[in-house]
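Participant: What follows is the file structure_12.tsv, containing TSV, C-alpha atoms:
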chain	number	residue	atom	x	y	z
Q	1	GLU	CA	52.06	-51.18	-255.81
Q	2	ILE	CA	50.01	-47.98	-255.46
Q	3	MET	CA	46.81	-50.00	-255.13
Q	4	CYS	CA	48.50	-52.24	-252.59
Q	5	VAL	CA	49.52	-49.29	-250.41
Q	6	SER	CA	46.04	-47.79	-250.77
Q	7	HIS	CA	44.43	-50.99	-249.54
Q	8	MET	CA	46.94	-51.20	-246.69
Q	9	ILE	CA	46.15	-47.66	-245.54
Q	10	SER	CA	42.39	-48.28	-245.74
Q	11	ALA	CA	42.74	-51.47	-243.73
Q	12	ALA	CA	44.98	-49.76	-241.20
Q	13	LEU	CA	42.52	-46.92	-240.68
Q	14	ALA	CA	39.70	-49.40	-240.23
Q	15	LEU	CA	41.77	-51.29	-237.68
Q	16	ALA	CA	42.59	-48.13	-235.73
Q	17	ALA	CA	38.99	-46.95	-235.78
Q	18	GLY	CA	37.70	-50.31	-234.64
Q	19	LEU	CA	39.98	-50.84	-231.67
Q	20	SER	CA	38.16	-50.58	-228.34
Q	21	LEU	CA	40.94	-48.74	-226.54
Q	22	PRO	CA	40.98	-46.12	-223.79
Q	23	VAL	CA	41.00	-42.51	-224.91
Q	24	VAL	CA	44.28	-40.87	-224.02
Q	25	GLY	CA	46.09	-37.74	-225.05
Q	26	ARG	CA	42.93	-35.67	-225.33
Q	27	ALA	CA	41.32	-32.97	-223.26
Q	28	ARG	CA	40.84	-34.14	-219.67
Q	29	ALA	CA	39.04	-37.48	-219.35
Q	30	PHE	CA	35.90	-38.70	-221.04
Q	31	ARG	CA	33.90	-40.76	-218.63
Q	32	THR	CA	30.36	-41.48	-217.59
Q	33	PRO	CA	29.10	-39.70	-214.47
Q	34	SER	CA	28.85	-41.82	-211.33
Q	35	ARG	CA	25.14	-41.14	-211.03
Q	36	PRO	CA	22.35	-40.76	-213.62
Q	37	ILE	CA	21.79	-37.38	-215.18
Q	38	SER	CA	18.46	-35.95	-214.10
Q	39	ILE	CA	16.89	-32.95	-215.78
Q	40	SER	CA	13.29	-31.94	-215.39
Q	41	ASN	CA	11.60	-30.03	-218.18
Q	42	SER	CA	8.17	-29.76	-216.56
Q	43	GLY	CA	6.61	-30.80	-219.85
Q	44	ALA	CA	7.82	-27.68	-221.67
Q	45	ALA	CA	9.69	-27.81	-224.99
Q	46	GLN	CA	13.45	-27.89	-224.52
Q	47	ARG	CA	15.16	-24.82	-225.93
Q	48	VAL	CA	18.50	-25.46	-227.66
Q	49	LEU	CA	20.82	-22.69	-228.86
Q	50	VAL	CA	23.30	-23.38	-231.69
Q	51	THR	CA	25.93	-20.65	-231.78
Q	52	ASP	CA	28.46	-21.68	-234.43
Q	53	GLY	CA	26.42	-23.51	-237.04
Q	54	LEU	CA	25.51	-27.18	-237.39
Q	55	ALA	CA	24.72	-29.54	-240.27
Q	56	THR	CA	21.13	-29.34	-241.50
Q	57	ALA	CA	20.59	-33.02	-240.65
Q	58	ALA	CA	21.62	-32.30	-237.06
Q	59	LEU	CA	19.24	-29.34	-236.76
Q	60	ASP	CA	16.47	-31.56	-238.13
Q	61	ALA	CA	17.36	-34.27	-235.60
Q	62	LEU	CA	17.12	-31.79	-232.73
Q	63	ALA	CA	13.73	-30.59	-233.94
Q	64	ALA	CA	12.53	-34.16	-234.44
Q	65	GLY	CA	13.57	-34.87	-230.85
Q	66	GLY	CA	11.20	-32.17	-229.64
Q	67	ALA	CA	13.69	-29.33	-229.21
Q	68	ASP	CA	12.93	-25.70	-229.98
Q	69	VAL	CA	16.14	-24.77	-231.89
Q	70	THR	CA	17.56	-21.26	-232.23
Q	71	SER	CA	20.66	-20.56	-234.34
Q	72	ARG	CA	22.51	-17.35	-233.50
Q	73	SER	CA	25.91	-16.24	-232.28
Q	74	LEU	CA	26.43	-14.47	-228.97
Q	75	THR	CA	29.00	-11.88	-227.96
Q	76	GLU	CA	31.09	-12.32	-224.83
Q	77	ASP	CA	29.12	-9.53	-223.16
Q	78	GLU	CA	25.84	-11.29	-223.94
Q	79	LEU	CA	27.17	-14.56	-222.54
Q	80	CYS	CA	28.35	-12.93	-219.33
Q	81	ALA	CA	25.01	-11.10	-219.01
Q	82	GLY	CA	23.20	-14.43	-218.83
Q	83	ALA	CA	21.96	-14.91	-222.40
Q	84	LEU	CA	22.27	-18.69	-221.98
Q	85	ALA	CA	19.77	-18.65	-219.12
Q	86	ALA	CA	16.95	-18.71	-221.68
Q	87	TYR	CA	18.09	-22.08	-223.07
Q	88	ASP	CA	18.19	-25.62	-221.72
Q	89	ALA	CA	21.21	-26.46	-223.86
Q	90	VAL	CA	23.79	-24.73	-226.01
Q	91	ILE	CA	25.79	-26.34	-228.80
Q	92	ILE	CA	29.07	-24.66	-229.74
Q	93	ARG	CA	32.15	-25.17	-231.89
Q	94	SER	CA	35.59	-23.58	-231.53
Q	95	ALA	CA	34.35	-20.04	-232.28
Q	96	THR	CA	32.54	-19.70	-228.95
Q	97	THR	CA	34.32	-19.65	-225.59
Q	98	LEU	CA	32.32	-20.44	-222.46
Q	99	ARG	CA	33.90	-19.16	-219.25
Q	100	ALA	CA	32.78	-19.99	-215.74
Q	101	ASP	CA	30.88	-16.71	-215.32
Q	102	ALA	CA	28.87	-17.26	-218.50
Q	103	LEU	CA	28.07	-20.81	-217.43
Q	104	SER	CA	27.01	-19.88	-213.92
Q	105	ALA	CA	24.86	-17.07	-215.30
Q	106	GLY	CA	23.21	-19.52	-217.68
Q	107	ALA	CA	22.73	-22.15	-214.97
Q	108	ALA	CA	20.92	-19.58	-212.84
Q	109	GLY	CA	18.20	-19.92	-215.47
Q	110	ARG	CA	17.49	-22.94	-217.69
Q	111	LEU	CA	20.95	-24.00	-218.88
Q	112	ARG	CA	21.76	-27.61	-218.06
Q	113	VAL	CA	23.80	-28.90	-221.02
Q	114	VAL	CA	26.74	-27.69	-223.12
Q	115	GLY	CA	27.39	-29.61	-226.32
Q	116	ARG	CA	30.77	-29.24	-228.01
Q	117	ALA	CA	30.45	-30.19	-231.69
Q	118	GLY	CA	33.97	-31.55	-231.92
Q	119	VAL	CA	36.63	-33.10	-229.72
Q	120	GLY	CA	38.58	-30.38	-227.92
Q	121	VAL	CA	36.94	-28.69	-224.94
Q	122	ASP	CA	39.68	-26.17	-224.13
Q	123	ASN	CA	37.21	-23.37	-224.99
Q	124	ILE	CA	34.88	-24.53	-222.19
Q	125	ASP	CA	35.54	-24.11	-218.48
Q	126	VAL	CA	34.59	-27.71	-217.72
Q	127	ALA	CA	35.24	-27.38	-213.99
Q	128	GLY	CA	33.10	-24.25	-213.92
Q	129	ALA	CA	30.34	-26.04	-215.80
Q	130	HIS	CA	30.32	-28.93	-213.34
Q	131	ALA	CA	30.37	-26.52	-210.40
Q	132	SER	CA	27.22	-24.92	-211.83
Q	133	GLY	CA	25.53	-28.27	-212.41
Q	134	VAL	CA	25.95	-28.12	-216.19
Q	135	THR	CA	26.80	-31.33	-218.09
Q	136	VAL	CA	29.36	-31.08	-220.91
Q	137	VAL	CA	29.21	-33.47	-223.86
Q	138	ASN	CA	31.30	-33.69	-227.03
Q	139	THR	CA	31.88	-35.92	-230.06
Q	140	PRO	CA	35.25	-37.60	-229.49
Q	141	SER	CA	35.09	-39.97	-232.47
Q	142	ALA	CA	33.10	-38.13	-235.14
Q	143	SER	CA	35.98	-36.42	-236.96
Q	144	THR	CA	38.71	-39.00	-236.35
Q	145	ALA	CA	39.01	-40.25	-239.94
Q	146	SER	CA	39.02	-36.72	-241.36
Q	147	VAL	CA	41.74	-35.47	-239.01
Q	148	VAL	CA	43.83	-38.60	-239.60
Q	149	GLU	CA	43.68	-37.94	-243.33
Q	150	MET	CA	44.51	-34.25	-242.76
Q	151	THR	CA	47.60	-35.28	-240.81
Q	152	LEU	CA	48.71	-37.51	-243.65
Q	153	ALA	CA	48.09	-34.70	-246.16
Q	154	LEU	CA	50.31	-32.35	-244.15
Q	155	LEU	CA	53.00	-35.03	-243.79
Q	156	PHE	CA	53.09	-35.51	-247.56
Q	157	ALA	CA	52.99	-31.77	-248.25
Q	158	ALA	CA	55.90	-31.16	-245.87
Q	159	ALA	CA	58.04	-34.06	-247.11
Q	160	ARG	CA	57.67	-33.03	-250.77
Q	161	ASN	CA	57.42	-29.24	-250.27
Q	162	LEU	CA	54.23	-29.22	-252.31
Q	163	PRO	CA	52.83	-25.76	-251.41
Q	164	ALA	CA	56.05	-23.99	-252.47
Q	165	ALA	CA	56.14	-25.95	-255.73
Q	166	ASP	CA	52.53	-24.98	-256.45
Q	167	ARG	CA	53.14	-21.30	-255.66
Q	168	GLY	CA	56.25	-21.30	-257.84
Q	169	LEU	CA	54.39	-22.79	-260.78
Q	170	ARG	CA	51.67	-20.15	-260.51
Q	171	SER	CA	54.26	-17.35	-260.46
Q	172	GLY	CA	56.15	-18.69	-263.48
Q	173	GLU	CA	58.94	-20.53	-261.61
Q	174	TRP	CA	59.82	-24.13	-262.46
Q	175	LEU	CA	61.06	-25.21	-259.03
Q	176	LYS	CA	62.28	-28.64	-259.97
Q	177	PRO	CA	65.51	-29.54	-258.13
Q	178	PRO	CA	68.25	-28.51	-258.53
Q	179	ALA	CA	66.68	-25.19	-259.55
Q	180	ARG	CA	67.47	-22.28	-257.25
Q	181	GLY	CA	64.84	-21.97	-254.52
Q	182	SER	CA	63.75	-25.59	-254.79
Q	183	ARG	CA	64.08	-28.26	-252.13
Q	184	LEU	CA	64.67	-31.92	-252.88
Q	185	GLY	CA	61.91	-33.92	-251.24
Q	186	SER	CA	62.19	-37.14	-249.28
Q	187	GLU	CA	60.17	-40.29	-248.87
Q	188	LEU	CA	58.20	-40.98	-245.73
Q	189	ALA	CA	58.99	-44.69	-245.99
Q	190	GLY	CA	61.93	-45.61	-243.78
Q	191	LYS	CA	61.64	-42.51	-241.57
Q	192	ASN	CA	60.80	-42.24	-237.88
Q	193	LEU	CA	57.45	-40.66	-237.06
Q	194	GLY	CA	56.83	-39.46	-233.50
Q	195	LEU	CA	53.35	-38.98	-232.10
Q	196	LEU	CA	53.00	-36.67	-229.11
Q	197	GLY	CA	49.77	-37.98	-227.62
Q	198	PHE	CA	48.17	-41.31	-228.40
Q	199	GLY	CA	44.40	-40.92	-228.62
Q	200	ARG	CA	42.05	-41.99	-231.39
Q	201	ILE	CA	43.54	-39.70	-234.05
Q	202	ALA	CA	47.15	-40.54	-233.21
Q	203	ARG	CA	46.34	-44.24	-233.36
Q	204	GLY	CA	44.78	-43.80	-236.80
Q	205	VAL	CA	47.85	-41.89	-237.99
Q	206	ALA	CA	50.09	-44.61	-236.56
Q	207	ALA	CA	48.27	-47.32	-238.49
Q	208	ALA	CA	48.40	-45.42	-241.77
Q	209	ALA	CA	52.04	-44.35	-241.33
Q	210	ALA	CA	53.08	-47.92	-240.62
Q	211	ALA	CA	51.36	-48.97	-243.85
Q	212	LEU	CA	53.56	-46.43	-245.65
Q	213	GLY	CA	56.67	-48.00	-244.19
Q	214	MET	CA	57.37	-45.47	-241.42
Q	215	ARG	CA	58.70	-46.52	-238.02
Q	216	VAL	CA	56.24	-45.12	-235.49
Q	217	PHE	CA	57.02	-43.97	-231.96
Q	218	ALA	CA	54.73	-42.31	-229.42
Q	219	TYR	CA	54.79	-40.59	-226.07
Q	220	SER	CA	51.80	-40.11	-223.80
Q	221	PRO	CA	51.84	-40.33	-220.00
Q	222	HIS	CA	48.65	-42.38	-220.27
Q	223	ALA	CA	49.54	-44.78	-223.10
Q	224	ALA	CA	50.06	-48.47	-222.39
Q	225	SER	CA	51.86	-51.15	-224.37
Q	226	GLU	CA	48.55	-52.97	-224.80
Q	227	THR	CA	47.40	-49.94	-226.80
Q	228	ALA	CA	50.54	-49.50	-228.87
Q	229	SER	CA	51.63	-53.06	-229.60
Q	230	PRO	CA	48.74	-54.01	-231.94
Q	231	LEU	CA	49.72	-51.07	-234.14
Q	232	GLY	CA	53.47	-51.77	-234.05
Q	233	VAL	CA	54.13	-48.53	-232.16
Q	234	THR	CA	57.11	-48.13	-229.82
Q	235	LEU	CA	56.32	-46.12	-226.69
Q	236	LEU	CA	59.03	-43.77	-225.45
Q	237	PRO	CA	59.42	-42.56	-221.85
Q	238	SER	CA	59.40	-38.80	-222.52
Q	239	ALA	CA	58.59	-36.09	-225.03
Q	240	GLU	CA	62.28	-35.20	-225.11
Q	241	GLU	CA	63.24	-38.71	-226.23
Q	242	LEU	CA	60.49	-38.63	-228.85
Q	243	PHE	CA	61.98	-35.51	-230.43
Q	244	CYS	CA	65.50	-36.94	-230.20
Q	245	THR	CA	64.38	-40.07	-232.05
Q	246	CYS	CA	62.12	-38.75	-234.81
Q	247	SER	CA	62.73	-36.55	-237.84
Q	248	HIS	CA	58.95	-36.23	-238.26
Q	249	VAL	CA	56.78	-35.38	-235.23
Q	250	SER	CA	53.01	-34.94	-235.20
Q	251	LEU	CA	51.19	-33.32	-232.28
Q	252	HIS	CA	48.04	-35.04	-231.00
Q	253	CYS	CA	47.81	-34.09	-227.32
Q	254	ALA	CA	45.35	-31.84	-225.55
Q	255	LEU	CA	46.11	-28.22	-224.75
Q	256	THR	CA	46.48	-28.08	-220.97
Q	257	PRO	CA	48.60	-25.97	-218.61
Q	258	GLN	CA	51.16	-28.80	-218.77
Q	259	THR	CA	51.32	-28.91	-222.58
Q	260	ARG	CA	51.09	-25.19	-223.36
Q	261	LEU	CA	54.29	-24.16	-225.19
Q	262	LEU	CA	55.66	-27.65	-224.61
Q	263	VAL	CA	57.29	-27.69	-228.03
Q	264	GLY	CA	59.86	-24.88	-228.04
Q	265	GLY	CA	63.32	-24.16	-229.35
Q	266	GLU	CA	65.17	-26.71	-227.23
Q	267	MET	CA	62.78	-29.49	-228.23
Q	268	LEU	CA	63.06	-28.63	-231.93
Q	269	GLU	CA	66.86	-28.63	-231.79
Q	270	ARG	CA	66.76	-32.26	-230.65
Q	271	MET	CA	65.14	-33.47	-233.87
Q	272	PRO	CA	67.41	-35.39	-236.25
Q	273	ALA	CA	67.54	-34.23	-239.87
Q	274	VAL	CA	68.62	-37.64	-241.16
Q	275	GLY	CA	66.37	-40.69	-241.18
Q	276	PRO	CA	67.39	-44.17	-240.00
Q	277	ASP	CA	67.67	-45.07	-243.69
Q	278	GLY	CA	70.48	-42.53	-244.06
Q	279	ALA	CA	68.45	-40.04	-246.13
Q	280	ALA	CA	68.87	-36.35	-245.34
Q	281	CYS	CA	65.13	-35.79	-244.96
Q	282	GLY	CA	65.20	-32.70	-242.75
Q	283	SER	CA	63.06	-32.23	-239.63
Q	284	HIS	CA	59.31	-31.73	-239.86
Q	285	LEU	CA	56.68	-30.78	-237.27
Q	286	ILE	CA	52.97	-31.37	-237.89
Q	287	ASN	CA	50.23	-29.88	-235.72
Q	288	VAL	CA	46.56	-30.84	-235.97
Q	289	ALA	CA	45.95	-30.63	-232.21
Q	290	ARG	CA	45.98	-27.12	-230.73
Q	291	GLY	CA	48.08	-24.06	-231.56
Q	292	GLY	CA	49.26	-23.31	-228.04
Q	293	ILE	CA	51.15	-26.60	-227.76
Q	294	ALA	CA	53.87	-25.34	-230.08
Q	295	ASP	CA	55.66	-22.09	-229.22
Q	296	GLU	CA	54.98	-20.33	-232.52
Q	297	ALA	CA	57.71	-17.72	-231.99
Q	298	ALA	CA	60.25	-20.49	-231.36
Q	299	VAL	CA	58.99	-22.41	-234.40
Q	300	ALA	CA	59.39	-19.31	-236.59
Q	301	ALA	CA	62.92	-18.77	-235.30
Q	302	ALA	CA	63.79	-22.42	-235.97
Q	303	LEU	CA	62.44	-22.22	-239.52
Q	304	HIS	CA	64.49	-19.08	-240.24
Q	305	ALA	CA	67.59	-20.66	-238.69
Q	306	GLY	CA	67.13	-23.90	-240.61
Q	307	THR	CA	67.08	-26.09	-237.50
Q	308	LEU	CA	63.50	-27.00	-238.47
Q	309	THR	CA	62.80	-27.79	-242.13
Q	310	SER	CA	59.04	-27.41	-242.09
Q	311	TYR	CA	56.10	-26.66	-239.81
Q	312	ALA	CA	52.74	-27.78	-241.20
Q	313	SER	CA	49.90	-26.65	-238.96
Q	314	ASP	CA	46.14	-26.61	-239.12
Q	315	VAL	CA	45.78	-24.89	-235.73
Q	316	PHE	CA	47.12	-21.72	-234.17
Q	317	ASP	CA	47.27	-20.02	-230.80
Q	318	GLN	CA	45.20	-17.16	-232.21
Q	319	GLU	CA	42.55	-17.91	-234.79
Q	320	PRO	CA	42.05	-16.54	-237.37
Q	321	LEU	CA	45.80	-16.11	-237.87
Q	322	PRO	CA	46.73	-12.40	-237.88
Q	323	ALA	CA	48.02	-11.04	-241.20
Q	324	ASP	CA	51.29	-9.98	-239.55
Q	325	HIS	CA	51.95	-13.31	-237.82
Q	326	PRO	CA	55.68	-14.19	-237.98
Q	327	LEU	CA	54.99	-17.69	-239.33
Q	328	LEU	CA	53.61	-16.26	-242.56
Q	329	GLY	CA	57.05	-15.00	-243.56
Q	330	CYS	CA	58.87	-18.24	-242.77
Q	331	PRO	CA	60.38	-20.64	-245.27
Q	332	GLY	CA	58.99	-24.11	-244.82
Q	333	PHE	CA	55.73	-22.98	-243.22
Q	334	ILE	CA	52.55	-24.70	-244.41
Q	335	GLY	CA	49.30	-23.45	-242.90
Q	336	THR	CA	45.62	-24.28	-243.20
Q	337	PRO	CA	42.69	-22.57	-241.41
Q	338	HIS	CA	41.67	-25.26	-238.88
Q	339	ILE	CA	39.98	-27.48	-241.45
Q	340	GLY	CA	41.06	-30.89	-240.16
Q	341	GLY	CA	37.49	-31.90	-239.40
Q	342	ALA	CA	35.94	-29.90	-242.23
Q	343	THR	CA	34.69	-32.71	-244.45
Q	344	ARG	CA	31.11	-33.45	-245.40
Q	345	GLU	CA	31.27	-36.81	-243.71
Q	346	ALA	CA	32.76	-35.54	-240.46
Q	347	GLN	CA	30.41	-32.58	-240.21
Q	348	ASP	CA	27.39	-34.82	-240.62
Q	349	ARG	CA	28.69	-37.22	-237.96
Q	350	VAL	CA	29.64	-34.40	-235.57
Q	351	GLY	CA	26.23	-32.78	-235.89
Q	352	LEU	CA	24.20	-35.96	-235.53
Q	353	GLN	CA	26.28	-37.24	-232.62
Q	354	ILE	CA	26.15	-33.99	-230.65
Q	355	ALA	CA	22.42	-33.70	-231.30
Q	356	ALA	CA	21.90	-37.24	-229.98
Q	357	ALA	CA	24.07	-36.59	-226.93
Q	358	VAL	CA	22.33	-33.32	-226.03
Q	359	LEU	CA	18.87	-34.85	-226.49
Q	360	ALA	CA	19.88	-37.81	-224.33
Q	361	VAL	CA	20.97	-35.58	-221.46
Q	362	LEU	CA	17.86	-33.43	-221.75
Q	363	ASP	CA	15.83	-36.64	-221.56
Q	364	GLY	CA	17.63	-37.67	-218.38
Q	365	ARG	CA	19.72	-40.37	-220.08
Q	366	VAL	CA	23.51	-40.81	-220.17
Q	367	PRO	CA	24.93	-40.61	-223.73
Q	368	GLU	CA	26.85	-43.64	-224.96
Q	369	ASP	CA	29.99	-41.56	-225.54
Q	370	GLY	CA	31.32	-38.08	-225.03
Q	371	VAL	CA	30.45	-37.07	-221.45
Q	372	VAL	CA	33.34	-34.87	-220.36
Q	373	GLY	CA	34.60	-35.33	-216.82
Q	374	VAL	CA	36.96	-33.18	-214.81
Q	375	ALA	CA	40.59	-34.32	-214.57
Before we go any further, please render this structure as structure tokens.
Facilitator:
Amino acid sequence: EIMCVSHMISAALALAAGLSLPVVGRARAFRTPSRPISISNSGAAQRVLVTDGLATAALDALAAGGADVTSRSLTEDELCAGALAAYDAVIIRSATTLRADALSAGAAGRLRVVGRAGVGVDNIDVAGAHASGVTVVNTPSASTASVVEMTLALLFAAARNLPAADRGLRSGEWLKPPARGSRLGSELAGKNLGLLGFGRIARGVAAAAAALGMRVFAYSPHAASETASPLGVTLLPSAEELFCTCSHVSLHCALTPQTRLLVGGEMLERMPAVGPDGAACGSHLINVARGGIADEAAVAAALHAGTLTSYASDVFDQEPLPADHPLLGCPGFIGTPHIGGATREAQDRVGLQIAAAVLAVLDGRVPEDGVVGVA
């Protein structure tokens, strides 16, 4: 039976990855510009700055493509002072934030391309980049499999309370129910899983969760039945109804002004603690999207009050997470340091894809995927 489920999950992930479906539930819209990208280099070597690290294979690919690559981090003051003006392109991860003033200062010199090695572009002022004539590219599919698997890992950890059991064992406690301080786990099979957002990662999670026997629901203002039906997903008309329906909810939407602090106390109180199979499974929130979507103060209060059983998050409103953050003292909190895409395979794909996209733009070509438009 274990092998059967394993094969089902593998097949489901392959199905989700292979579907040619519109990207929804992610930052702004990814679309090809209406006119060709044109950048003149006057025959000079293109200078590319990498601020937050990149796989060795990606650095080699940039160099092989004729780029003069520099790897160094920049302070906010340096960015605002126009440090990017010396480079034709900059490749960043989540550690670097590019505001409109830094982009315009860079565009006054050589800067023409910003590459985001990852999916989310909430740390880039995309509108400001476009206003300055700077093209923004990212890698929307490179880390999908890794983040899908991370979501599943957090779902399992939350349902079975694995981190607390591990910590107890290390401190000499045998936290096997009904021991004091233990929590009886629950199966994921037969439970309702809600997906807030329905992009590539959410679709992969949906396929794998269905293979485990979960009933999967989703809400996204952009999702269509043609997207959901092949995966057996039921679309709901609102985020509120999603939380009312599902004991397990996983966040997969972009962080925008509309979604910031979308998940607060009232939303969490809507979640049922009993599955459709009658099991008292508790209520569980998973976040692999962006920290600001969930109101962390409200989540902490709900965990202390017991209205939320667990919060398993890989992302936070402030990163790194401060040592005095209220979540760290909460029962049922499971945290990881934004490692959803931190696998060897994903990092290689992210690096090679962003290198190819940046080189394409510098060469005056439109990348096959990952040109970020303005909503």
Participant: Leaving out segment 48-51 of chain Q and any residue of its chain fewer than 3 positions from it, which residues lie within 9 Å of it when counting all atoms listed in the file, given as a PDB file with C-alpha atoms, in the coordinates of the input?
Facilitator:
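Saved the output as out_20.pdb:
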ATOM      1  CA  LEU Q  54      25.510 -27.180-237.390  1.00  0.00           C
ATOM      2  CA  LEU Q  59      19.240 -29.340-236.760  1.00  0.00           C
ATOM      3  CA  LEU Q  62      17.120 -31.790-232.730  1.00  0.00           C
ATOM      4  CA  ALA Q  67      13.690 -29.330-229.210  1.00  0.00           C
ATOM      5  CA  ASP Q  68      12.930 -25.700-229.980  1.00  0.00           C
ATOM      6  CA  VAL Q  69      16.140 -24.770-231.890  1.00  0.00           C
ATOM      7  CA  THR Q  70      17.560 -21.260-232.230  1.00  0.00           C
ATOM      8  CA  SER Q  71      20.660 -20.560-234.340  1.00  0.00           C
ATOM      9  CA  ARG Q  72      22.510 -17.350-233.500  1.00  0.00           C
ATOM     10  CA  SER Q  73      25.910 -16.240-232.280  1.00  0.00           C
ATOM     11  CA  LEU Q  74      26.430 -14.470-228.970  1.00  0.00           C
ATOM     12  CA  LEU Q  84      22.270 -18.690-221.980  1.00  0.00           C
ATOM     13  CA  TYR Q  87      18.090 -22.080-223.070  1.00  0.00           C
ATOM     14  CA  ASP Q  88      18.190 -25.620-221.720  1.00  0.00           C
ATOM     15  CA  ALA Q  89      21.210 -26.460-223.860  1.00  0.00           C
ATOM     16  CA  VAL Q  90      23.790 -24.730-226.010  1.00  0.00           C
ATOM     17  CA  ILE Q  91      25.790 -26.340-228.800  1.00  0.00           C
ATOM     18  CA  ILE Q  92      29.070 -24.660-229.740  1.00  0.00           C
ATOM     19  CA  ARG Q  93      32.150 -25.170-231.890  1.00  0.00           C
ATOM     20  CA  ALA Q  95      34.350 -20.040-232.280  1.00  0.00           C
ATOM     21  CA  THR Q  96      32.540 -19.700-228.950  1.00  0.00           C
ATOM     22  CA  VAL Q 358      22.330 -33.320-226.030  1.00  0.00           C
TER      23      VAL Q 358
END
Participant: Need to verify the contact set: Val137 of chain Q, 6 Å, only C-alpha atoms, exclusion of same-chain residues closer than 4 positions in sequence. Can you return it as a ChimeraX atom specification?
Facilitator: /Q:115,370-372
Participant: What separation in Å, quoted to one decimal, exists between atom CA of Gly351 of chain Q and atom CA of Val134 of chain Q?
Facilitator: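 So the answer is 20.2 Å.
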Participant: Quick one: residues within 9 Å of Ala157 of chain Q, only C-alpha atoms, excluding same-chain residues fewer than 6 positions away - as a list in words?
Facilitator: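 Surrounding residues, per the criterion: Pro163, Ala312 and Ile334 of chain Q.
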Participant: Any idea what's packed within 12 Å of segment 302-308 of chain Q, counting all atoms listed in the file, ignoring anything in its chain fewer than 6 positions away? Could you give it as a VMD selection string?
Facilitator: chain Q and resid 158 243 247 to 249 263 to 273 281 to 286 294 to 296 326 to 334
Participant: Quote the spacing between atom CA of Phe217 of chain Q and atom CA of Arg200 of chain Q in Å to one decimal place.
Facilitator: 15.1 Å
Participant: Just to confirm, what's the straight-line distance from atom CA of Arg365 of chain Q to atom CA of Leu111 of chain Q in Å (one decimal)?
Facilitator: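 Atom CA of Arg365 of chain Q sits 16.5 Å away from atom CA of Leu111 of chain Q.
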Participant: Taking only C-alpha atoms into account, which of Q:Gly335, Q:Ala209, Q:Gly65, Q:Gly199 comes nearest Tyr311 of chain Q?
Facilitator: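 Closest residue, counting only C-alpha atoms: Q:Gly335.
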Participant: Please complete segment 91-103 of chain Q with N, CA and C atoms and give it back as a PDB file, in the frame of the given file.
Facilitator:
ATOM      1  N   ILE Q  91      24.845 -25.557-228.015  1.00  0.00           N
ATOM      2  CA  ILE Q  91      25.790 -26.340-228.800  1.00  0.00           C
ATOM      3  C   ILE Q  91      26.753 -25.375-229.465  1.00  0.00           C
ATOM      4  N   ILE Q  92      28.058 -25.568-229.231  1.00  0.00           N
ATOM      5  CA  ILE Q  92      29.070 -24.660-229.740  1.00  0.00           C
ATOM      6  C   ILE Q  92      30.130 -25.418-230.538  1.00  0.00           C
ATOM      7  N   ARG Q  93      30.935 -24.657-231.265  1.00  0.00           N
ATOM      8  CA  ARG Q  93      32.150 -25.170-231.890  1.00  0.00           C
ATOM      9  C   ARG Q  93      33.320 -24.394-231.304  1.00  0.00           C
ATOM     10  N   SER Q  94      34.392 -24.253-232.066  1.00  0.00           N
ATOM     11  CA  SER Q  94      35.590 -23.580-231.530  1.00  0.00           C
ATOM     12  C   SER Q  94      35.452 -22.068-231.498  1.00  0.00           C
ATOM     13  N   ALA Q  95      34.470 -21.503-232.216  1.00  0.00           N
ATOM     14  CA  ALA Q  95      34.350 -20.040-232.280  1.00  0.00           C
ATOM     15  C   ALA Q  95      33.805 -19.431-231.002  1.00  0.00           C
ATOM     16  N   THR Q  96      33.135 -20.202-230.185  1.00  0.00           N
ATOM     17  CA  THR Q  96      32.540 -19.700-228.950  1.00  0.00           C
ATOM     18  C   THR Q  96      33.324 -20.200-227.746  1.00  0.00           C
ATOM     19  N   THR Q  97      33.642 -19.298-226.835  1.00  0.00           N
ATOM     20  CA  THR Q  97      34.320 -19.650-225.590  1.00  0.00           C
ATOM     21  C   THR Q  97      33.342 -19.474-224.429  1.00  0.00           C
ATOM     22  N   LEU Q  98      33.231 -20.495-223.603  1.00  0.00           N
ATOM     23  CA  LEU Q  98      32.320 -20.440-222.460  1.00  0.00           C
ATOM     24  C   LEU Q  98      33.126 -20.446-221.167  1.00  0.00           C
ATOM     25  N   ARG Q  99      33.183 -19.288-220.517  1.00  0.00           N
ATOM     26  CA  ARG Q  99      33.900 -19.160-219.250  1.00  0.00           C
ATOM     27  C   ARG Q  99      32.965 -19.487-218.096  1.00  0.00           C
ATOM     28  N   ALA Q 100      33.559 -19.602-216.918  1.00  0.00           N
ATOM     29  CA  ALA Q 100      32.780 -19.990-215.740  1.00  0.00           C
ATOM     30  C   ALA Q 100      31.661 -19.004-215.446  1.00  0.00           C
ATOM     31  N   ASP Q 101      31.918 -17.698-215.643  1.00  0.00           N
ATOM     32  CA  ASP Q 101      30.880 -16.710-215.320  1.00  0.00           C
ATOM     33  C   ASP Q 101      29.695 -16.822-216.273  1.00  0.00           C
ATOM     34  N   ALA Q 102      29.965 -17.098-217.552  1.00  0.00           N
ATOM     35  CA  ALA Q 102      28.870 -17.260-218.500  1.00  0.00           C
ATOM     36  C   ALA Q 102      28.060 -18.518-218.185  1.00  0.00           C
ATOM     37  N   LEU Q 103      28.745 -19.568-217.759  1.00  0.00           N
ATOM     38  CA  LEU Q 103      28.070 -20.810-217.430  1.00  0.00           C
ATOM     39  C   LEU Q 103      27.230 -20.695-216.168  1.00  0.00           C
TER      40      LEU Q 103
END
